[in-house]
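Shown next: final.txt, given as compact mmCIF, C-alpha atoms and all ligand atoms.
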```
# COMPACT_ATOMS: atom_id res chain seq x y z
CA MET H 1 2.73 105.68 11.09
CA GLU H 2 3.34 109.31 12.02
CA ASP H 3 6.76 110.57 10.98
CA PRO H 4 7.91 113.37 13.27
CA SER H 5 11.14 114.05 11.39
CA PRO H 6 11.59 117.26 9.43
CA PRO H 7 11.44 117.03 5.63
CA LEU H 8 14.87 116.79 4.07
CA GLN H 9 14.22 119.99 2.15
CA SER H 10 13.46 121.88 5.36
CA PRO H 11 15.16 125.29 5.16
CA THR H 12 15.54 125.48 8.95
CA PRO H 13 16.18 121.98 10.16
CA SER H 14 15.89 121.24 13.84
CA LYS H 15 19.20 120.91 15.57
CA VAL H 16 18.53 118.45 18.35
CA SER H 17 21.71 116.56 19.05
CA MET H 18 21.67 112.81 19.43
CA GLN H 19 23.76 113.29 22.55
CA ASN H 20 20.45 114.04 24.25
CA GLY H 21 19.22 110.62 23.16
CA PRO H 22 15.88 109.15 24.08
CA ILE H 23 15.58 111.44 27.09
CA SER H 24 15.09 114.43 24.84
CA ARG H 25 12.42 112.36 23.05
CA LEU H 26 10.48 112.37 26.31
CA ARG H 27 10.57 116.13 26.19
CA GLY H 28 8.98 116.11 22.75
CA ALA H 29 12.08 116.26 20.56
CA PRO H 30 12.13 114.42 17.24
CA ARG H 31 13.26 110.81 17.27
CA PRO H 32 17.03 110.61 16.86
CA ARG H 33 18.10 108.89 13.72
CA LEU H 34 20.39 106.10 12.58
CA LEU H 35 21.34 106.23 8.92
CA LEU H 36 21.92 102.91 7.17
CA GLN H 37 23.91 103.53 4.02
CA GLY H 38 25.95 101.54 1.56
CA GLN H 39 26.04 100.33 -2.02
CA ARG H 40 23.12 98.52 -3.64
CA ARG H 41 22.68 94.94 -2.43
CA SER H 42 25.17 95.46 0.39
CA GLY H 43 22.59 94.16 2.87
CA LYS H 44 20.99 97.24 4.49
CA SER H 45 17.36 96.15 4.28
CA SER H 46 18.30 92.64 5.35
CA ILE H 47 19.99 93.98 8.47
CA SER H 48 17.00 96.11 9.35
CA SER H 49 14.55 93.26 8.69
CA VAL H 50 16.49 90.65 10.66
CA VAL H 51 17.25 92.86 13.65
CA PHE H 52 13.99 94.77 13.96
CA HIS H 53 11.42 92.45 12.39
CA LYS H 54 12.77 89.04 13.32
CA MET H 55 12.88 88.05 9.67
CA PRO H 56 14.68 84.72 9.22
CA PRO H 57 17.99 85.47 7.42
CA THR H 58 17.23 83.16 4.50
CA GLU H 59 14.07 85.12 3.70
CA THR H 60 16.17 88.20 2.95
CA LEU H 61 17.09 86.50 -0.31
CA PHE H 62 13.66 87.59 -1.55
CA LEU H 63 13.86 91.23 -0.48
CA GLU H 64 13.37 93.66 -3.32
CA SER H 65 15.76 96.50 -3.89
CA THR H 66 14.79 99.61 -1.92
CA THR H 67 13.95 102.51 -4.20
CA ARG H 68 12.95 105.15 -1.63
CA ILE H 69 14.32 106.13 1.74
CA GLN H 70 12.69 103.84 4.30
CA LYS H 71 12.06 105.64 7.59
CA GLU H 72 11.47 103.16 10.31
CA PRO H 73 10.54 104.15 13.86
CA VAL H 74 12.14 101.81 16.37
CA ASN H 75 10.37 101.84 19.68
CA LEU H 76 10.71 98.29 20.83
CA THR H 77 8.74 97.45 23.90
CA TRP H 78 7.68 94.01 24.94
CA LYS H 79 4.50 94.72 26.82
CA PRO H 80 4.66 91.92 29.39
CA LEU H 81 7.99 93.24 30.63
CA MET H 82 8.25 96.94 30.11
CA ASP H 83 6.17 100.07 29.89
CA SER H 84 8.76 102.10 28.07
CA SER H 85 11.85 101.49 26.04
CA PHE H 86 15.30 103.03 25.92
CA MET H 87 15.24 102.35 22.22
CA ASP H 88 13.26 105.17 20.75
CA PHE H 89 14.78 106.25 17.49
CA GLN H 90 14.42 105.99 13.73
CA VAL H 91 16.39 103.91 11.29
CA TRP H 92 16.62 105.40 7.81
CA ASP H 93 17.49 102.86 5.16
CA PHE H 94 19.05 104.67 2.21
CA PRO H 95 18.62 102.94 -1.14
CA GLY H 96 22.00 102.17 -2.63
CA GLN H 97 21.41 104.10 -5.83
CA ILE H 98 20.54 107.45 -4.20
CA ASP H 99 23.31 109.99 -4.40
CA TYR H 100 22.53 112.38 -1.58
CA ASN H 101 25.57 114.40 -2.61
CA ASP H 102 23.97 115.46 -5.89
CA GLY H 103 22.76 118.77 -4.48
CA THR H 104 19.05 117.87 -4.15
CA PHE H 105 19.29 116.89 -0.48
CA ASP H 106 19.32 119.25 2.45
CA LEU H 107 22.32 117.72 4.16
CA GLU H 108 21.91 119.98 7.17
CA ALA H 109 18.46 118.47 7.74
CA LEU H 110 19.65 114.97 6.96
CA PHE H 111 22.60 114.94 9.31
CA GLY H 112 21.24 117.37 11.91
CA ASP H 113 19.36 114.83 14.03
CA THR H 114 21.49 111.87 13.13
CA GLY H 115 23.22 110.02 15.95
CA ALA H 116 25.09 107.43 13.94
CA LEU H 117 25.91 106.58 10.38
CA ILE H 118 26.05 102.84 9.77
CA TYR H 119 27.86 102.30 6.51
CA VAL H 120 27.44 98.77 5.17
CA ILE H 121 30.17 97.29 2.97
CA ASP H 122 29.64 93.95 1.24
CA ALA H 123 32.83 92.05 2.10
CA GLN H 124 32.02 89.37 -0.47
CA ASP H 125 32.04 91.88 -3.31
CA GLU H 126 34.50 94.36 -4.84
CA TYR H 127 34.42 97.23 -2.34
CA LEU H 128 36.62 100.04 -3.75
CA GLU H 129 33.64 102.05 -5.01
CA ALA H 130 31.88 101.56 -1.68
CA LEU H 131 34.95 102.95 0.07
CA THR H 132 35.00 106.00 -2.18
CA ARG H 133 31.35 106.67 -1.27
CA LEU H 134 32.13 106.14 2.40
CA HIS H 135 34.94 108.68 2.30
CA GLN H 136 32.69 111.22 0.55
CA THR H 137 30.01 110.61 3.14
CA ILE H 138 32.44 111.15 6.00
CA GLU H 139 33.59 114.38 4.44
CA ALA H 140 29.98 115.58 4.16
CA ILE H 141 29.30 114.58 7.77
CA GLN H 142 32.29 116.50 8.99
CA ARG H 143 30.93 119.60 7.31
CA HIS H 144 27.40 119.27 8.71
CA ASN H 145 27.46 117.41 12.03
CA SER H 146 30.83 116.16 13.19
CA SER H 147 29.34 114.62 16.35
CA ILE H 148 27.79 111.74 14.37
CA ASN H 149 29.27 108.36 15.29
CA ILE H 150 30.63 106.65 12.20
CA GLU H 151 30.19 102.88 12.22
CA VAL H 152 31.34 100.70 9.36
CA PHE H 153 29.78 97.25 9.07
CA ILE H 154 32.06 94.98 7.07
CA HIS H 155 29.15 92.79 6.18
CA LYS H 156 28.41 89.25 4.84
CA VAL H 157 31.55 87.89 6.47
CA ASP H 158 29.81 84.52 6.88
CA GLY H 159 31.26 83.47 3.56
CA LEU H 160 34.85 84.30 4.51
CA SER H 161 37.57 82.42 6.38
CA ASP H 162 38.82 83.96 9.63
CA ASP H 163 42.09 85.01 8.01
CA PHE H 164 40.35 86.58 5.05
CA LYS H 165 37.95 88.45 7.36
CA LEU H 166 40.84 90.04 9.20
CA ASP H 167 42.74 90.81 6.00
CA THR H 168 39.65 92.48 4.58
CA GLN H 169 39.16 94.54 7.72
CA ARG H 170 42.83 95.55 7.73
CA ASP H 171 42.65 96.59 4.09
CA ILE H 172 39.48 98.65 4.59
CA VAL H 173 40.86 100.36 7.70
CA GLN H 174 44.16 101.13 5.95
CA ARG H 175 42.59 102.52 2.80
CA THR H 176 40.16 104.63 4.81
CA THR H 177 42.85 105.97 7.13
CA ASP H 178 45.08 106.90 4.18
CA GLU H 179 42.27 108.51 2.22
CA LEU H 180 40.98 110.53 5.18
CA ALA H 181 44.54 111.69 5.93
CA ASP H 182 44.82 112.90 2.32
CA MET H 183 41.54 114.77 2.78
CA GLY H 184 42.85 116.41 5.95
CA LEU H 185 40.41 114.42 8.10
CA ASP H 186 42.84 112.26 10.04
CA GLY H 187 41.20 113.05 13.41
CA VAL H 188 37.92 111.32 12.48
CA HIS H 189 37.18 108.28 14.63
CA ILE H 190 35.58 105.30 12.89
CA ASN H 191 34.39 102.04 14.47
CA TYR H 192 34.58 98.87 12.41
CA HIS H 193 32.45 95.74 12.93
CA LEU H 194 32.55 92.39 11.16
CA THR H 195 28.91 91.40 10.65
CA SER H 196 26.60 88.81 9.20
CA ILE H 197 22.86 88.30 9.45
CA TYR H 198 23.51 84.55 9.71
CA ASP H 199 24.95 84.72 13.23
CA HIS H 200 24.88 86.91 16.33
CA SER H 201 27.45 89.37 15.01
CA ILE H 202 24.85 91.72 13.55
CA PHE H 203 23.02 91.95 16.91
CA GLU H 204 26.26 92.52 18.77
CA ALA H 205 27.36 95.24 16.36
CA PHE H 206 23.99 96.98 16.59
CA SER H 207 24.15 96.73 20.38
CA LYS H 208 27.45 98.57 20.41
CA VAL H 209 26.12 101.25 18.07
CA ILE H 210 23.01 101.83 20.18
CA GLN H 211 24.86 101.83 23.50
CA LYS H 212 27.07 104.72 22.44
CA LEU H 213 23.92 106.77 21.87
CA LEU H 214 22.33 106.16 25.25
CA PRO H 215 22.88 108.97 27.72
CA GLU H 216 21.83 106.56 30.48
CA LEU H 217 24.60 104.08 29.67
CA GLY H 218 26.87 104.97 32.62
CA THR H 219 24.00 104.65 35.10
CA LEU H 220 22.85 101.36 33.62
CA GLU H 221 26.38 99.97 33.75
CA ASN H 222 26.71 100.94 37.40
CA LEU H 223 23.39 99.28 38.21
CA LEU H 224 24.47 96.09 36.44
CA ASN H 225 27.84 96.15 38.22
CA GLY H 226 25.96 96.34 41.51
CA LEU H 227 23.68 93.48 40.46
CA VAL H 228 26.62 91.31 39.43
CA SER H 229 28.58 91.82 42.63
CA ASN H 230 25.61 91.62 45.02
CA CYS H 231 24.00 88.55 43.44
CA ARG H 232 27.25 86.86 42.37
CA ILE H 233 26.16 86.73 38.76
CA GLU H 234 28.84 85.95 36.20
CA LYS H 235 27.71 88.40 33.55
CA ALA H 236 24.68 90.68 33.20
CA PHE H 237 23.13 92.08 30.02
CA LEU H 238 20.19 94.42 29.78
CA PHE H 239 18.39 93.28 26.64
CA ASP H 240 15.81 94.84 24.46
CA VAL H 241 13.85 91.64 24.19
CA LEU H 242 12.34 92.07 20.76
CA SER H 243 15.48 92.98 18.87
CA LYS H 244 17.93 91.08 21.10
CA ILE H 245 20.05 94.19 21.21
CA TYR H 246 21.69 94.60 24.60
CA VAL H 247 21.45 98.19 25.66
CA ALA H 248 23.96 97.80 28.51
CA THR H 249 26.13 95.26 30.26
CA ASP H 250 28.30 95.27 33.39
CA SER H 251 31.90 96.43 32.98
CA SER H 252 33.50 92.98 32.75
CA PRO H 253 34.51 92.07 29.18
CA VAL H 254 31.79 90.70 26.92
CA ASP H 255 32.46 87.21 25.72
CA VAL H 256 30.47 86.31 22.67
CA GLN H 257 29.40 82.95 24.03
CA SER H 258 27.55 84.32 27.05
CA TYR H 259 25.85 86.85 24.79
CA GLU H 260 24.81 84.06 22.43
CA ILE H 261 23.45 81.91 25.26
CA CYS H 262 21.35 84.77 26.62
CA SER H 263 20.20 85.66 23.15
CA ASP H 264 19.14 82.08 22.38
CA TYR H 265 17.39 81.90 25.74
CA ILE H 266 15.36 84.98 24.84
CA ASP H 267 14.29 83.30 21.61
CA VAL H 268 13.11 80.25 23.55
CA VAL H 269 11.19 82.38 26.03
CA LEU H 270 9.56 84.44 23.30
CA ASP H 271 8.52 81.29 21.44
CA MET H 272 7.08 79.81 24.63
CA THR H 273 5.31 83.07 25.37
CA GLU H 274 3.58 82.90 22.03
CA ILE H 275 2.27 79.46 22.98
CA TYR H 276 1.57 79.81 26.72
CA GLY H 277 1.34 83.58 27.35
CA TYR H 278 3.56 85.34 29.91
CA VAL H 279 6.78 83.56 30.91
CA ASP H 280 9.04 84.92 33.66
CA LEU H 281 12.31 85.92 31.95
CA ARG H 282 14.48 86.20 35.07
CA PHE H 283 17.14 83.55 35.18
CA SER H 284 20.65 83.11 36.46
N1 LIG N 1 25.77 85.86 2.80
C1 LIG N 1 25.11 86.93 3.24
N2 LIG N 1 24.18 87.53 2.47
C2 LIG N 1 23.53 88.61 2.96
C3 LIG N 1 23.79 89.11 4.25
N3 LIG N 1 23.00 90.21 4.46
C4 LIG N 1 22.28 90.37 3.33
N4 LIG N 1 22.59 89.41 2.43
C5 LIG N 1 22.01 89.23 1.07
O1 LIG N 1 22.36 90.35 0.29
C6 LIG N 1 21.34 90.60 -0.68
C7 LIG N 1 20.98 92.06 -0.73
O2 LIG N 1 20.40 92.43 0.48
P1 LIG N 1 19.48 93.74 0.67
O3 LIG N 1 19.17 93.82 2.12
O4 LIG N 1 18.32 93.75 -0.28
O5 LIG N 1 20.51 94.88 0.24
P2 LIG N 1 20.27 96.46 0.27
O6 LIG N 1 21.57 97.07 0.66
O7 LIG N 1 19.09 96.84 1.09
O8 LIG N 1 20.02 96.76 -1.27
P3 LIG N 1 19.26 98.01 -1.96
O9 LIG N 1 17.85 98.01 -1.47
O10 LIG N 1 19.37 97.72 -3.43
O11 LIG N 1 20.01 99.26 -1.58
C8 LIG N 1 20.17 89.66 -0.30
O12 LIG N 1 20.17 88.58 -1.20
C9 LIG N 1 20.50 89.21 1.11
O13 LIG N 1 20.02 87.88 1.38
C10 LIG N 1 24.78 88.44 5.07
O14 LIG N 1 25.09 88.78 6.22
N5 LIG N 1 25.40 87.36 4.50
```

The structure given in the file should be rewritten as structure tokens.
Amino acid sequence: MEDPSPPLQSPTPSKVSMQNGPISRLRGAPRPRLLLQGQRRSGKSSISSVVFHKMPPTETLFLESTTRIQKEPVNLTWKPLMDSSFMDFQVWDFPGQIDYNDGTFDLEALFGDTGALIYVIDAQDEYLEALTRLHQTIEAIQRHNSSINIEVFIHKVDGLSDDFKLDTQRDIVQRTTDELADMGLDGVHINYHLTSIYDHSIFEAFSKVIQKLLPELGTLENLLNGLVSNCRIEKAFLFDVLSKIYVATDSSPVDVQSYEICSDYIDVVLDMTEIYGYVDLRFS
């Protein structure tokens, strides 16, 4: 697969901002990038495999540790429905053991075209070291491209009780806020998501990450608002069918149940399509 991104050692990295999103891709710009980072075994490759390759979650138990940066183009288009996709970007899966702060990486090139950093923390494991790495990463980002969205996935929460999930999130937010304040970075905005590959939370979190990077989001939301009010639909999502990421929704609040129903429906339709060919996806 052709990789249009500049080498990390590039002395003059391209400076295309993610704010231009997939539209700039149409004009020939490099694919914008999502960086997946986190400690070893935190779940990065599993997330990427489940969301973008429909790998059943239990099969991730057999994934080998990633030893090199995995650059994955994401251009998800389900041919029966669409000719082009809003989702044209790259996901870079960083192996846990790589220290990109060791001076061998061109951080300007690494962060230059990056739209979002997704930092994965294993909530079932001791996470203090992961937090230290996160804080260092945020500091580096602030130096090289402060427009990058910083998204923290508090991951593997399937094994935790609801109370413990919230306590863990509170602790991570508090420690990060305190540490960034000590570093003089208290203005940095971070989004936190509780995720697991064993339920819909990982798709929902990814949806929110992607939506923030779409320059067309406002227009799509307006179109969906019009659809909802004109057709008296309760809730509308615009899905990327293959990944089950919703790239937009109308402006009424998202309730997880309606997302889950639509998501399950897509699975059924895709399964039927494999058996019978094209199935009309419109439903109300
Ligand atoms: N319980 C639970 N386990 C998970 C989840 N996501 C990933 N795992 C497990 O975590 C282990 C490590 O996952 P990987 O995806 O290989 O982790 P990684 O961060 O890519 O690891 P490196 O390649 O070493 O950097 C696997 O056994 C996965 O099955 C989750 O949401 N819940």

- Query: What do you get as a ChimeraX atom specification if you pick all residues at most 6 Å from ligand LIG 1 (chain N), counting all atoms listed in the file?
  - Reply: /H:40-46,60-61,63-66,95-96,155-156,158,196-198

Emit the selected residues as a short mmCIF file (atom, residue, chain, number, x, y, z; two decimals), keeping the file's coordinate frame, including C-alpha atoms.
```
data_model
loop_
_atom_site.label_atom_id
_atom_site.label_comp_id
_atom_site.auth_asym_id
_atom_site.auth_seq_id
_atom_site.Cartn_x
_atom_site.Cartn_y
_atom_site.Cartn_z
CA ARG H 40 23.12 98.52 -3.64
CA ARG H 41 22.68 94.94 -2.43
CA SER H 42 25.17 95.46 0.39
CA GLY H 43 22.59 94.16 2.87
CA LYS H 44 20.99 97.24 4.49
CA SER H 45 17.36 96.15 4.28
CA SER H 46 18.30 92.64 5.35
CA THR H 60 16.17 88.20 2.95
CA LEU H 61 17.09 86.50 -0.31
CA LEU H 63 13.86 91.23 -0.48
CA GLU H 64 13.37 93.66 -3.32
CA SER H 65 15.76 96.50 -3.89
CA THR H 66 14.79 99.61 -1.92
CA PRO H 95 18.62 102.94 -1.14
CA GLY H 96 22.00 102.17 -2.63
CA HIS H 155 29.15 92.79 6.18
CA LYS H 156 28.41 89.25 4.84
CA ASP H 158 29.81 84.52 6.88
CA SER H 196 26.60 88.81 9.20
CA ILE H 197 22.86 88.30 9.45
CA TYR H 198 23.51 84.55 9.71
#
```

- Contacts of segment 124-135 of chain H within 12 Å, only C-alpha atoms, excl. fewer than 6 positions in-chain, as a PyMOL selection string: chain H and resi 36-43+96-101+117-118+141-142+150-161+164-165+168-169+171-186+188+190+195-196

- Nearby residues (only C-alpha atoms) at most 10 Å from Glu260 of chain H, same-chain spacing under 4 positions excluded, as a PyMOL selection string: chain H and resi 199-201+203-204+244+255-256+264-266

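One finds atom CA of Phe89 of chain H at 26.5 Å from atom CA of Asn225 of chain H.
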
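In this comparison, which uses only C-alpha atoms, the residue of H:Ser263, H:Leu166, H:Ile138, H:His144 approaching Ala109 of chain H most closely is H:His144.
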
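The shortest atom-to-atom distance to Leu194 of chain H, with all atoms listed in the file taken into account, belongs to H:Val120 out of H:Leu110, H:Leu224, H:Val120, H:Val50.
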